[in-house]
Amino acid sequence: MKYCIAITLSVWLLLLSTQAIQADEDDTTVDEGQSHYLRQYMATHRFFDRLTQNGPDSQRFIEEQIKVDRQVAKQQLSWVTREHPLHNSLVFTAFYAGIYAGLFTIGGVAFNYRYAIRDFFTGYPDFADVLVHAGINIWSLFALYPFIPLSKLFYYAAFPPYLAEENLIITYGSKKNLLNKSTQHYIEDELFYSAWRNPSSDALARLHKILDKVLRLPFYSKELIYNEQAIDSELQNYPAHVRKRLNRFARSELIYQQTDSSINDSHYPVYFQGVSGTGKTHAAKRLAEAMGTNLAIVSLDSATIDDITGTSYDNADAKAGRIIDALIARTNSSQDINHDNQILLIDDFDRLFLSENPKAKEMLSFFQKLLDPEDRSFYSPYLKTTIKLPDTIILAGNHDIHALSQNKPVLEAIVSRLEKIEFTGFSPAAKRSIAQEILIPNKEKRYRSAGKLFENFALPALGYEMIDSFIETDQDIGIRSLEKRVSEVFEYFANGVGI
């Protein structure tokens with residue numbers, strides 16, 4: 001008996017080593033069969049339920065929480081890849097244990113009646129000899145066969161197959177508990193589990209693209225501190241009344257973000273009005289920087305509802321939409337941690353009042369609901385979840401929408417709630433300062449970056465005189481014409497240097 005056990009163990013070790021040698025011969029080859037079964041197992045047993053918590057831990061910093069949840073996701077993924085082959089080996093072992101039990105039972109009965117069997121076959125010695133050898137061969141087959149698949153199962157328990165979406169699983173697991181339930185359901189049931197049950201390259205590509213958007217969405221509110229000196233320095237060329245109003249606006253927004261959000265209170269956007277080049281976008285960028293947050297810019301130029309909200313991924317031209325793209329624009333990857341108390345700038349807002357196009361009217365109706373403090377969110381068909389807008393929203397346009405909305409009750413309903421900050425443009429002295437401190441130095445840096453003949457390029461005194469002369473006669477209250485003139489002057493002197 002002991003010799004049989006030794007032989008069986010030797011065969012099992014030989015088979016196990018054979019599996020290891022085969023894997024070592026090509027360590028870049030993934031056993032697709034095992035990966036497929038592993039994905040099926042993870043989908044059937046709802047792997048992501050293991051990572052579910054009650055919700056974000058308010059006592060822990062967001063970075064620490066994501067770090068801890070990422071480690072948990074790694075551990076659970078590592079365990080399930082080993083759990084799967086071990087689970088199968090237990091089922092497999094139980095099946096063959098039943099067969100062995102039956103064989104031993106038959107053998108025990110045969111042993112008890114061995115003398116009767118011997119007497120029965122005494123007259124047929126040749127047949128008895130054949131039967132004995134056949135029984136030994138059958139026993140050897142049943143004894144050794146299970147160790148072939150068992151050796152594979154134990155090998156994959158020790159060296160589990162690699163999943164191409166491993167990083168996606170871990171990254172999603174690190175932020176899963178920061179997402180709302182509907183988003184979790186969409187990502188897990190309609191993306192991960194569906195792709196695992198019916199794996200394909202298209203399903204994996206879809207999973208990657210959608211997760212890249214979802215995991216870059218804002219998750220938390222960061223503490224903002226307003227730097228008034230910085231904004232005064234950045235906006236020193238703006239008219240005094242504009243600077244004072246922007247300072248008051250920024251301080252009010254910070255106070256509002258620190259208040260109790262459960263209190264029912266109206267909080268409407270502000271409208272930046274001014275012709276092109278009067279510094280509306282520049283002021284919004286400097287305000288965001290002084291507050292320590294991001295500026296998300298959405299342009300309504302030639303936009304439709306689908307351009308703004310996005311379309312379902314099932315469409316041929318699927319897109320996430322301009323609002324989502326703006327909210328995640330300052331993130332580089334799904335590893336980044338984004339915050340929701342950004343400043344949202346909706347540019348070209350006045351276009352909705354000027355156009356008679358039915359699509360523009362549809363857009364205006366959409367924004368009327370979107371900008372209402374009671375419902376400042378929209379449904380994203382691309383991500384199949386509700387997207388909440390930041391509290392601080394700036395609308396910008398060239399025209400006075402208060403005047404455009406007169407005698408139009410539909411428009412007055414929204415415009416009457418908006419406060420206007422008018423950008424009246426820049427004086428000649430302010431333009432000269434902008435040219436000398438910003439436009440000209442930036443152009444010189446750009447030209448010098450070309451190297452060769454332009455390494456030490458600097459605008460000569462005549463160039464400054466040409467620009468000053470233009471400023472004295474410029475009728476544009478903005479700086480668009482000044483920017484164009486500066487470019488022309490640099491081109492003139494650059495041609496003198498040669499390329």
# chains A, B, ... in the order shown; residues from 1 in each chain; ligands from 1

$ residues_around --residues "region 403-420 of chain A" --least-positions-apart "4" --cutoff "7 Å" --atoms "only C-alpha atoms" --output "list in words"
Tyr268, Pro269, Val270, Tyr271, Phe272, Gln273, Phe353 and Gln368 of chain A

$ write_last_selection --atoms "C-alpha atoms" --output "PDB file, in the first residue's frame"
ATOM      1  CA  TYR A 268     -27.985  81.959  -8.716  1.00  0.00           C
ATOM      2  CA  PRO A 269     -25.084  82.466 -11.121  1.00  0.00           C
ATOM      3  CA  VAL A 270     -23.546  85.838 -11.944  1.00  0.00           C
ATOM      4  CA  TYR A 271     -23.397  87.180 -15.505  1.00  0.00           C
ATOM      5  CA  PHE A 272     -20.136  88.624 -16.866  1.00  0.00           C
ATOM      6  CA  GLN A 273     -21.073  91.065 -19.627  1.00  0.00           C
ATOM      7  CA  PHE A 353     -31.018  84.762 -26.512  1.00  0.00           C
ATOM      8  CA  GLN A 368     -33.262  77.381 -17.221  1.00  0.00           C
TER       9      GLN A 368
END

$ select_by_dssp --residues "region 283-315 of chain A" --states "strand (DSSP E)" --output "list in words"
Leu295, Ala296, Ile297, Val298 and Ser299 of chain A

$ write_last_selection --atoms "C-alpha atoms" --output "mmCIF file, in the first residue's frame"
data_model
loop_
_atom_site.group_PDB
_atom_site.id
_atom_site.type_symbol
_atom_site.label_atom_id
_atom_site.label_comp_id
_atom_site.auth_asym_id
_atom_site.auth_seq_id
_atom_site.Cartn_x
_atom_site.Cartn_y
_atom_site.Cartn_z
ATOM 1 C CA LEU A 295 -12.028 76.876 -13.673
ATOM 2 C CA ALA A 296 -14.181 74.572 -15.823
ATOM 3 C CA ILE A 297 -15.072 76.308 -19.106
ATOM 4 C CA VAL A 298 -18.057 75.256 -21.228
ATOM 5 C CA SER A 299 -18.613 77.095 -24.501
#

$ residues_around --residues "Ile225 (chain A)" --least-positions-apart "3" --cutoff "10 Å" --atoms "only C-alpha atoms" --output "MDAnalysis selection string"
chainID A and resid 222 228 251 254 290:293

$ residues_around --residues "Leu51 (chain A)" --least-positions-apart "4" --cutoff "10 Å" --atoms "only C-alpha atoms" --output "PyMOL selection string"
chain A and resi 47+69-70+72-73+76+173-174+176-177

$ write_last_selection --atoms "N, CA and C atoms" --output "mmCIF file, in the first residue's frame"
data_model
loop_
_atom_site.group_PDB
_atom_site.id
_atom_site.type_symbol
_atom_site.label_atom_id
_atom_site.label_comp_id
_atom_site.auth_asym_id
_atom_site.auth_seq_id
_atom_site.Cartn_x
_atom_site.Cartn_y
_atom_site.Cartn_z
ATOM 1 N N PHE A 47 -17.903 40.104 -7.389
ATOM 2 C CA PHE A 47 -16.644 40.438 -6.731
ATOM 3 C C PHE A 47 -16.680 41.780 -6.020
ATOM 4 N N ASP A 69 -8.646 52.085 0.496
ATOM 5 C CA ASP A 69 -9.549 51.298 -0.344
ATOM 6 C C ASP A 69 -8.809 50.675 -1.525
ATOM 7 N N ARG A 70 -7.782 51.336 -2.016
ATOM 8 C CA ARG A 70 -6.983 50.763 -3.100
ATOM 9 C C ARG A 70 -6.255 49.505 -2.608
ATOM 10 N N VAL A 72 -7.218 47.572 -0.154
ATOM 11 C CA VAL A 72 -8.241 46.542 0.033
ATOM 12 C C VAL A 72 -8.586 45.890 -1.301
ATOM 13 N N ALA A 73 -8.732 46.695 -2.351
ATOM 14 C CA ALA A 73 -9.050 46.166 -3.674
ATOM 15 C C ALA A 73 -7.935 45.239 -4.167
ATOM 16 N N GLN A 76 -8.187 41.920 -2.143
ATOM 17 C CA GLN A 76 -9.333 41.106 -2.532
ATOM 18 C C GLN A 76 -9.139 40.502 -3.925
ATOM 19 N N GLY A 173 -11.943 50.087 -7.554
ATOM 20 C CA GLY A 173 -12.134 49.694 -6.156
ATOM 21 C C GLY A 173 -11.693 50.771 -5.189
ATOM 22 N N SER A 174 -10.668 51.550 -5.569
ATOM 23 C CA SER A 174 -10.170 52.594 -4.676
ATOM 24 C C SER A 174 -11.155 53.752 -4.539
ATOM 25 N N LYS A 176 -14.665 53.348 -5.494
ATOM 26 C CA LYS A 176 -16.035 52.817 -5.555
ATOM 27 C C LYS A 176 -16.944 53.428 -4.503
ATOM 28 N N ASN A 177 -16.475 53.508 -3.274
ATOM 29 C CA ASN A 177 -17.324 53.959 -2.173
ATOM 30 C C ASN A 177 -17.562 55.464 -2.167
#

$ atom_distance --atom1 "CA of Asp348 (chain A)" --atom2 "CA of Leu300 (chain A)"
5.5 Å

$ residues_around --residues "Ser427 (chain A)" --least-positions-apart "6" --cutoff "10 Å" --atoms "only C-alpha atoms" --output "JSON, numbers by chain"
{"A": [237, 238, 239, 433, 471, 472, 476, 477, 478]}

$ write_last_selection --atoms "N, CA and C atoms" --output "short mmCIF file (atom, residue, chain, number, x, y, z; two decimals), in the first residue's frame"
data_model
loop_
_atom_site.label_atom_id
_atom_site.label_comp_id
_atom_site.auth_asym_id
_atom_site.auth_seq_id
_atom_site.Cartn_x
_atom_site.Cartn_y
_atom_site.Cartn_z
N ASN A 237 -4.99 96.01 -13.89
CA ASN A 237 -5.28 96.83 -15.05
C ASN A 237 -6.78 96.96 -15.33
N TYR A 238 -7.59 96.26 -14.56
CA TYR A 238 -9.04 96.36 -14.73
C TYR A 238 -9.54 97.65 -14.06
N PRO A 239 -10.69 98.17 -14.49
CA PRO A 239 -11.27 99.33 -13.80
C PRO A 239 -11.49 99.03 -12.32
N SER A 433 0.16 99.06 -20.10
CA SER A 433 0.70 98.20 -19.04
C SER A 433 0.57 96.73 -19.42
N ILE A 471 -1.87 102.10 -29.61
CA ILE A 471 -2.74 102.20 -28.43
C ILE A 471 -3.42 103.55 -28.36
N GLU A 472 -2.71 104.63 -28.73
CA GLU A 472 -3.27 105.98 -28.65
C GLU A 472 -4.48 106.17 -29.55
N ASP A 476 -10.92 100.08 -29.91
CA ASP A 476 -11.42 98.84 -29.28
C ASP A 476 -11.25 98.95 -27.77
N ILE A 477 -12.36 98.77 -27.00
CA ILE A 477 -12.25 98.86 -25.54
C ILE A 477 -11.61 97.60 -24.96
N GLY A 478 -11.56 96.53 -25.75
CA GLY A 478 -10.89 95.31 -25.32
C GLY A 478 -9.45 95.29 -25.78
#
